[in-house]
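Content type mmCIF, C-alpha atoms, from the file model.cif:
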data_query
loop_
_atom_site.label_atom_id
_atom_site.label_comp_id
_atom_site.auth_asym_id
_atom_site.auth_seq_id
_atom_site.Cartn_x
_atom_site.Cartn_y
_atom_site.Cartn_z
CA MET A 1 0.00 0.00 0.00
CA LYS A 2 1.18 3.51 -0.81
CA THR A 3 1.64 6.20 1.82
CA LEU A 4 -0.03 9.61 1.70
CA LEU A 5 1.63 12.15 3.96
CA PHE A 6 -0.97 14.74 4.96
CA ILE A 7 0.75 17.90 6.22
CA ASP A 8 -2.04 19.72 8.02
CA SER A 9 -1.33 23.36 8.81
CA CYS A 10 -4.97 24.38 9.36
CA ILE A 11 -4.90 25.64 12.94
CA ARG A 12 -8.62 26.45 12.95
CA LYS A 13 -9.34 22.73 12.49
CA GLU A 14 -13.06 22.09 11.91
CA GLN A 15 -13.64 25.81 11.32
CA SER A 16 -10.98 25.92 8.63
CA ARG A 17 -12.25 26.38 5.11
CA THR A 18 -9.03 24.98 3.73
CA LYS A 19 -9.41 21.80 5.77
CA VAL A 20 -12.86 21.18 4.29
CA ILE A 21 -11.27 20.83 0.86
CA ALA A 22 -8.23 18.92 2.07
CA ASP A 23 -10.29 16.41 4.04
CA ALA A 24 -12.39 15.66 0.95
CA PHE A 25 -9.25 15.05 -1.11
CA VAL A 26 -7.59 12.82 1.48
CA GLU A 27 -10.80 10.88 2.17
CA LYS A 28 -11.20 10.12 -1.55
CA LEU A 29 -7.75 8.54 -1.58
CA ARG A 30 -8.33 6.74 1.71
CA GLN A 31 -11.51 5.17 0.37
CA SER A 32 -9.68 3.91 -2.71
CA GLY A 33 -7.81 1.44 -0.52
CA GLU A 34 -4.56 2.30 -2.28
CA TYR A 35 -3.20 4.70 0.34
CA SER A 36 -2.57 4.62 4.05
CA ILE A 37 -2.65 8.07 5.62
CA GLU A 38 0.04 9.56 7.84
CA THR A 39 -0.82 12.98 9.26
CA VAL A 40 1.57 15.64 10.49
CA ASP A 41 -0.39 18.20 12.51
CA ILE A 42 1.86 21.24 12.26
CA ASP A 43 0.17 22.93 15.22
CA LYS A 44 0.88 20.00 17.55
CA ILE A 45 4.44 18.98 16.80
CA PRO A 46 7.42 20.73 18.42
CA LEU A 47 9.39 22.64 15.81
CA SER A 48 12.24 25.11 16.11
CA PRO A 49 13.58 27.39 13.38
CA LEU A 50 17.20 26.72 12.52
CA GLY A 51 19.15 29.23 14.53
CA LYS A 52 22.86 28.82 15.18
CA ARG A 53 22.40 26.34 18.02
CA GLU A 54 19.89 24.16 16.14
CA TYR A 55 21.92 24.21 12.95
CA GLU A 56 25.17 23.24 14.65
CA HIS A 57 23.44 20.45 16.60
CA ARG A 58 22.03 18.98 13.38
CA GLU A 59 25.37 19.27 11.58
CA ASN A 60 27.14 17.51 14.47
CA LEU A 61 24.66 14.64 14.32
CA LEU A 62 25.20 14.31 10.57
CA ALA A 63 28.98 14.46 10.94
CA GLN A 64 28.81 11.63 13.50
CA SER A 65 26.43 9.59 11.30
CA LYS A 66 23.82 9.56 14.07
CA PHE A 67 21.04 9.09 11.54
CA ASP A 68 18.77 7.31 14.03
CA ASP A 69 18.41 10.43 16.15
CA LYS A 70 14.76 11.52 16.51
CA LEU A 71 15.70 14.83 14.89
CA PHE A 72 15.64 13.01 11.55
CA ASP A 73 12.24 11.35 11.98
CA LEU A 74 10.45 14.08 10.01
CA PRO A 75 12.78 14.12 6.99
CA LYS A 76 12.70 10.30 6.87
CA GLN A 77 8.92 10.30 6.90
CA PHE A 78 8.76 12.99 4.22
CA ALA A 79 11.31 11.30 1.96
CA LYS A 80 9.61 7.89 1.94
CA ALA A 81 6.03 9.11 1.31
CA ASP A 82 4.45 8.28 -2.05
CA LEU A 83 2.20 11.36 -2.10
CA ILE A 84 2.57 14.66 -0.25
CA VAL A 85 -0.50 16.76 0.56
CA VAL A 86 0.02 20.23 2.04
CA SER A 87 -3.05 21.89 3.51
CA ALA A 88 -2.55 25.48 4.62
CA PRO A 89 -4.41 28.79 4.58
CA PHE A 90 -2.96 31.75 2.73
CA TRP A 91 -1.12 33.82 5.34
CA ASP A 92 0.84 37.03 4.78
CA MET A 93 1.16 36.35 1.04
CA GLY A 94 2.57 32.90 1.68
CA ILE A 95 2.36 29.99 4.11
CA PRO A 96 2.19 30.01 7.93
CA ALA A 97 5.56 30.46 9.63
CA LYS A 98 5.40 27.15 11.47
CA LEU A 99 4.80 25.32 8.18
CA LYS A 100 7.88 27.04 6.76
CA THR A 101 9.77 25.86 9.85
CA TYR A 102 8.59 22.31 9.15
CA PHE A 103 10.05 22.41 5.65
CA GLU A 104 13.25 23.85 7.09
CA ASN A 105 13.42 20.82 9.38
CA VAL A 106 12.78 18.23 6.65
CA SER A 107 15.25 19.79 4.23
CA VAL A 108 18.24 17.72 5.30
CA SER A 109 21.12 16.56 3.13
CA GLY A 110 21.19 12.80 2.83
CA PHE A 111 17.48 12.43 3.49
CA THR A 112 15.37 14.66 1.23
CA PHE A 113 18.18 15.86 -1.05
CA GLY A 114 21.78 15.04 -1.79
CA PHE A 115 24.86 16.90 -2.97
CA ASP A 116 27.79 15.21 -4.72
CA GLY A 117 30.06 18.24 -4.65
CA VAL A 118 28.91 19.36 -8.07
CA GLN A 119 25.13 19.32 -8.13
CA PHE A 120 22.13 18.82 -5.90
CA LYS A 121 19.71 15.94 -6.38
CA GLY A 122 16.31 15.32 -4.83
CA LEU A 123 15.97 12.07 -2.89
CA CYS A 124 12.23 12.01 -2.15
CA ASN A 125 10.09 9.09 -3.25
CA ALA A 126 6.87 11.04 -3.94
CA GLU A 127 5.78 11.68 -7.51
CA HIS A 128 3.21 14.31 -6.55
CA MET A 129 2.83 17.19 -4.13
CA VAL A 130 -0.68 18.60 -3.82
CA TYR A 131 -1.13 22.02 -2.22
CA ILE A 132 -4.61 22.90 -0.95
CA THR A 133 -5.36 26.43 0.17
CA THR A 134 -7.99 29.12 0.58
CA ARG A 135 -7.55 32.87 0.37
CA GLY A 136 -9.79 35.45 1.95
CA MET A 137 -8.33 38.11 -0.31
CA ASP A 138 -9.06 38.65 -3.98
CA ILE A 139 -5.73 37.14 -5.03
CA VAL A 140 -5.88 34.48 -7.73
CA ASP A 141 -3.35 31.82 -8.75
CA GLY A 142 -0.40 33.40 -10.50
CA ASP A 143 -0.81 36.81 -8.89
CA GLU A 144 2.59 38.26 -7.93
CA MET A 145 1.30 38.66 -4.37
CA GLU A 146 0.73 34.91 -4.10
CA GLN A 147 4.09 33.58 -2.96
CA ALA A 148 3.06 30.26 -1.38
CA SER A 149 2.82 28.13 -4.51
CA PRO A 150 6.10 29.37 -6.09
CA TYR A 151 7.90 28.37 -2.89
CA LEU A 152 6.30 24.92 -2.80
CA ARG A 153 6.95 24.37 -6.51
CA ALA A 154 10.62 25.16 -5.91
CA LEU A 155 10.75 22.70 -3.02
CA CYS A 156 9.26 20.02 -5.28
CA LYS A 157 12.05 20.51 -7.79
CA PHE A 158 14.68 20.57 -5.06
CA PHE A 159 13.36 17.39 -3.42
CA GLY A 160 12.94 15.53 -6.72
CA ILE A 161 9.13 15.50 -6.66
CA GLY A 162 8.13 15.66 -10.30
CA ASN A 163 4.56 16.90 -10.16
CA PHE A 164 2.98 19.83 -8.33
CA ALA A 165 -0.76 20.48 -8.27
CA MET A 166 -2.79 23.10 -6.45
CA VAL A 167 -6.43 23.39 -5.45
CA SER A 168 -7.27 26.90 -4.33
CA VAL A 169 -10.20 29.24 -3.89
CA SER A 170 -9.99 33.01 -3.45
CA SER A 171 -12.10 35.97 -2.29
CA LEU A 172 -13.80 34.11 0.55
CA ASP A 173 -13.74 37.17 2.81
CA VAL A 174 -14.56 39.77 0.19
CA LYS A 175 -17.42 37.75 -1.29
CA PRO A 176 -19.02 36.08 1.75
CA ASP A 177 -22.27 35.34 -0.07
CA GLU A 178 -20.37 33.04 -2.43
CA VAL A 179 -18.41 31.07 0.17
CA ASP A 180 -20.52 27.91 0.12
CA GLU A 181 -20.64 27.81 -3.66
CA ARG A 182 -16.91 28.43 -4.03
CA LEU A 183 -15.99 25.82 -1.43
CA ALA A 184 -18.26 23.24 -3.05
CA ALA A 185 -16.57 23.86 -6.41
CA ALA A 186 -13.12 23.49 -4.82
CA VAL A 187 -14.14 20.23 -3.12
CA LYS A 188 -15.29 18.88 -6.48
CA GLN A 189 -11.99 19.95 -8.07
CA ALA A 190 -10.05 18.23 -5.27
CA GLU A 191 -11.99 14.99 -5.70
CA GLN A 192 -11.41 15.08 -9.46
CA LEU A 193 -7.69 15.57 -8.85
CA ALA A 194 -7.72 12.58 -6.52
CA ASP A 195 -9.34 10.50 -9.27
CA THR A 196 -6.67 11.64 -11.73
CA ILE A 197 -3.87 10.62 -9.37
CA LEU A 198 -5.50 7.23 -8.79
CA ARG A 199 -5.63 6.58 -12.52
CA LYS A 200 -1.89 7.15 -12.95
#

Would you put the structure from the file into structure tokens?
Amino acid sequence: MKTLLFIDSCIRKEQSRTKVIADAFVEKLRQSGEYSIETVDIDKIPLSPLGKREYEHRENLLAQSKFDDKLFDLPKQFAKADLIVVSAPFWDMGIPAKLKTYFENVSVSGFTFGFDGVQFKGLCNAEHMVYITTRGMDIVDGDEMEQASPYLRALCKFFGIGNFAMVSVSSLDVKPDEVDERLAAAVKQAEQLADTILRK
């Protein structure tokens, strides 16, 4: 059975509009019987940005080949997953800070990417990363003020994940009368994307 890694950065949980879409996508794949689901709840796991102390500690562990240290549990989990799903609201033109810290913690040489002295190479097993998000603002995909998806696309390339897909819906705060309709359309799009992935 394949593994779907669900990276849940929706801190509002059941009240999160983003999570409504993400849950529909993940449930479609769960029901297929082809995927087991592993969830990383970004709000619940302890994460520290890489300051000098954290960076040097990690580098010392790597230098001593202490690859079984719990510090490397997250990059191991990320690297072995067959499908990555990132669920996060649109915050400050990008992704929540703690989600960025998560990616900083999984971006570890020898686990999610490698370097042979000449070039970098992604080491992740996943063929797809799916990013699911909602925006309260009237900012559509491709707008220069939308900096979340360019960052995640770049990570995909860096980690060796060949395909990036996004399900998004905008203007939920500026057009409150259309929220239900827009969310329903996004859920349908997410389920169709799940079907497409299952067919591959």

Translate the PyMOL selection byres ((chain A and resi 148) around 8) into a concrete residue list for this structure, as number ranges by chain. A: 90, 93-95, 146-147, 149-152

CA of Phe6 (chain A) to CA of Asp195 (chain A), straight-line distance in Å: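 Rounded to one decimal, the two atoms are 17.0 Å apart.
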
Distance query Thr112 (chain A) at most 12 Å, only C-alpha atoms, self and fewer than 4 positions along chain excluded, as a ChimeraX atom specification: /A:72-81,103-108,120-126,155-161

Do you have the CA of Ile11 (chain A)-CA of Asp173 (chain A) distance handy? 17.7 Å

In Å, with one decimal, what is the gap from CA of Asp82 (chain A) to CA of Leu183 (chain A)?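 That distance, rounded to one decimal, is 26.9 Å.
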
So which residues touch Leu47 (chain A) within 12 Å, counting all atoms listed in the file, skipping near sequence neighbours fewer than 2 positions away, as an MDAnalysis selection string? chainID A and resid 40:45 49:51 54 71 74 97:106

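With distances restricted to only C-alpha atoms, A:Ser171 is the closest residue to Val140 (chain A) from A:Ser171, A:Ser48, A:Gln64, A:Ser109.
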
Test item: residues at most 7 Å from Ala24 (chain A), only C-alpha atoms, excluding those fewer than 4 positions along its chain, as an mmCIF file with C-alpha atoms, in the frame of the given file:
data_model
loop_
_atom_site.group_PDB
_atom_site.id
_atom_site.type_symbol
_atom_site.label_atom_id
_atom_site.label_comp_id
_atom_site.auth_asym_id
_atom_site.auth_seq_id
_atom_site.Cartn_x
_atom_site.Cartn_y
_atom_site.Cartn_z
ATOM 1 C CA VAL A 20 -12.860 21.180 4.290
ATOM 2 C CA LYS A 28 -11.200 10.120 -1.550
ATOM 3 C CA VAL A 187 -14.140 20.230 -3.120
ATOM 4 C CA GLU A 191 -11.990 14.990 -5.700
#

Taking 6 positions as the minimum chain separation for residues in the same chain, which residues sit within 8 Å of Glu38 (chain A) when counting only C-alpha atoms? Answer as a PyMOL selection string. chain A and resi 3-6

Polymer residues at most 12 Å from Asp23 (chain A), all atoms listed in the file, same-chain spacing of 6 or more positions, as an NGL selection string: :A and (6-8 or 10 or 13-14 or 16-17 or 29-31 or 37 or 39 or 85-88 or 132-133 or 186-188 or 190-191 or 194)

May I have the residues at most 7 Å from (-9.0, 21.4, -8.5) in the file's coordinates, counting only C-alpha atoms, as a PyMOL selection string? chain A and resi 166-167+186+189-190+192-193

Generate all heavy atoms for region 101-112 of chain A and emit them as a compact mmCIF listing (two decimals), in the coordinates of the input.
# COMPACT_ATOMS: atom_id res chain seq x y z
N THR A 101 8.81 26.47 8.94
CA THR A 101 9.77 25.86 9.85
C THR A 101 9.80 24.35 9.67
O THR A 101 10.87 23.72 9.73
CB THR A 101 9.44 26.21 11.31
OG1 THR A 101 9.50 27.63 11.46
CG2 THR A 101 10.42 25.58 12.28
N TYR A 102 8.63 23.74 9.42
CA TYR A 102 8.59 22.31 9.15
C TYR A 102 9.44 21.97 7.93
O TYR A 102 10.26 21.04 7.97
CB TYR A 102 7.14 21.86 8.93
CG TYR A 102 7.02 20.47 8.34
CD1 TYR A 102 7.13 19.34 9.15
CD2 TYR A 102 6.80 20.29 6.97
CE1 TYR A 102 7.03 18.07 8.59
CE2 TYR A 102 6.69 19.02 6.42
CZ TYR A 102 6.81 17.92 7.24
OH TYR A 102 6.70 16.66 6.68
N PHE A 103 9.27 22.70 6.85
CA PHE A 103 10.05 22.41 5.65
C PHE A 103 11.54 22.65 5.89
O PHE A 103 12.39 21.95 5.33
CB PHE A 103 9.55 23.25 4.48
CG PHE A 103 8.27 22.74 3.89
CD1 PHE A 103 7.12 23.50 3.91
CD2 PHE A 103 8.22 21.47 3.33
CE1 PHE A 103 5.94 23.02 3.37
CE2 PHE A 103 7.04 20.98 2.79
CZ PHE A 103 5.90 21.76 2.82
N GLU A 104 11.85 23.61 6.72
CA GLU A 104 13.25 23.85 7.09
C GLU A 104 13.82 22.64 7.82
O GLU A 104 14.99 22.28 7.64
CB GLU A 104 13.32 25.09 7.98
CG GLU A 104 14.69 25.67 8.17
CD GLU A 104 14.61 26.99 8.92
OE1 GLU A 104 14.05 27.02 10.04
OE2 GLU A 104 15.10 28.00 8.39
N ASN A 105 12.98 21.99 8.62
CA ASN A 105 13.42 20.82 9.38
C ASN A 105 13.50 19.55 8.55
O ASN A 105 14.25 18.63 8.90
CB ASN A 105 12.50 20.61 10.58
CG ASN A 105 12.86 21.49 11.77
OD1 ASN A 105 13.57 21.07 12.69
ND2 ASN A 105 12.38 22.73 11.77
N VAL A 106 12.70 19.44 7.48
CA VAL A 106 12.78 18.23 6.65
C VAL A 106 13.80 18.37 5.53
O VAL A 106 14.16 17.37 4.90
CB VAL A 106 11.40 17.83 6.05
CG1 VAL A 106 10.40 17.57 7.15
CG2 VAL A 106 10.90 18.85 5.05
N SER A 107 14.26 19.56 5.29
CA SER A 107 15.25 19.79 4.23
C SER A 107 16.64 19.47 4.77
O SER A 107 17.37 20.34 5.24
CB SER A 107 15.17 21.24 3.75
OG SER A 107 16.06 21.46 2.68
N VAL A 108 17.00 18.19 4.70
CA VAL A 108 18.24 17.72 5.30
C VAL A 108 19.03 16.90 4.28
O VAL A 108 18.50 15.94 3.69
CB VAL A 108 17.97 16.85 6.55
CG1 VAL A 108 19.30 16.41 7.18
CG2 VAL A 108 17.13 17.61 7.57
N SER A 109 20.27 17.26 4.08
CA SER A 109 21.12 16.56 3.13
C SER A 109 21.28 15.09 3.54
O SER A 109 21.51 14.78 4.71
CB SER A 109 22.50 17.22 3.07
OG SER A 109 23.35 16.56 2.16
N GLY A 110 21.10 14.22 2.57
CA GLY A 110 21.19 12.80 2.83
C GLY A 110 19.85 12.14 3.07
O GLY A 110 19.74 10.91 3.06
N PHE A 111 18.82 12.95 3.26
CA PHE A 111 17.48 12.43 3.49
C PHE A 111 16.52 12.87 2.38
O PHE A 111 15.98 12.04 1.65
CB PHE A 111 16.95 12.88 4.85
CG PHE A 111 17.68 12.28 6.01
CD1 PHE A 111 18.78 12.93 6.57
CD2 PHE A 111 17.30 11.05 6.53
CE1 PHE A 111 19.47 12.38 7.63
CE2 PHE A 111 17.98 10.48 7.59
CZ PHE A 111 19.08 11.14 8.15
N THR A 112 16.30 14.18 2.25
CA THR A 112 15.37 14.66 1.23
C THR A 112 16.09 15.19 -0.01
O THR A 112 15.47 15.37 -1.05
CB THR A 112 14.47 15.76 1.81
OG1 THR A 112 15.27 16.75 2.45
CG2 THR A 112 13.49 15.17 2.83
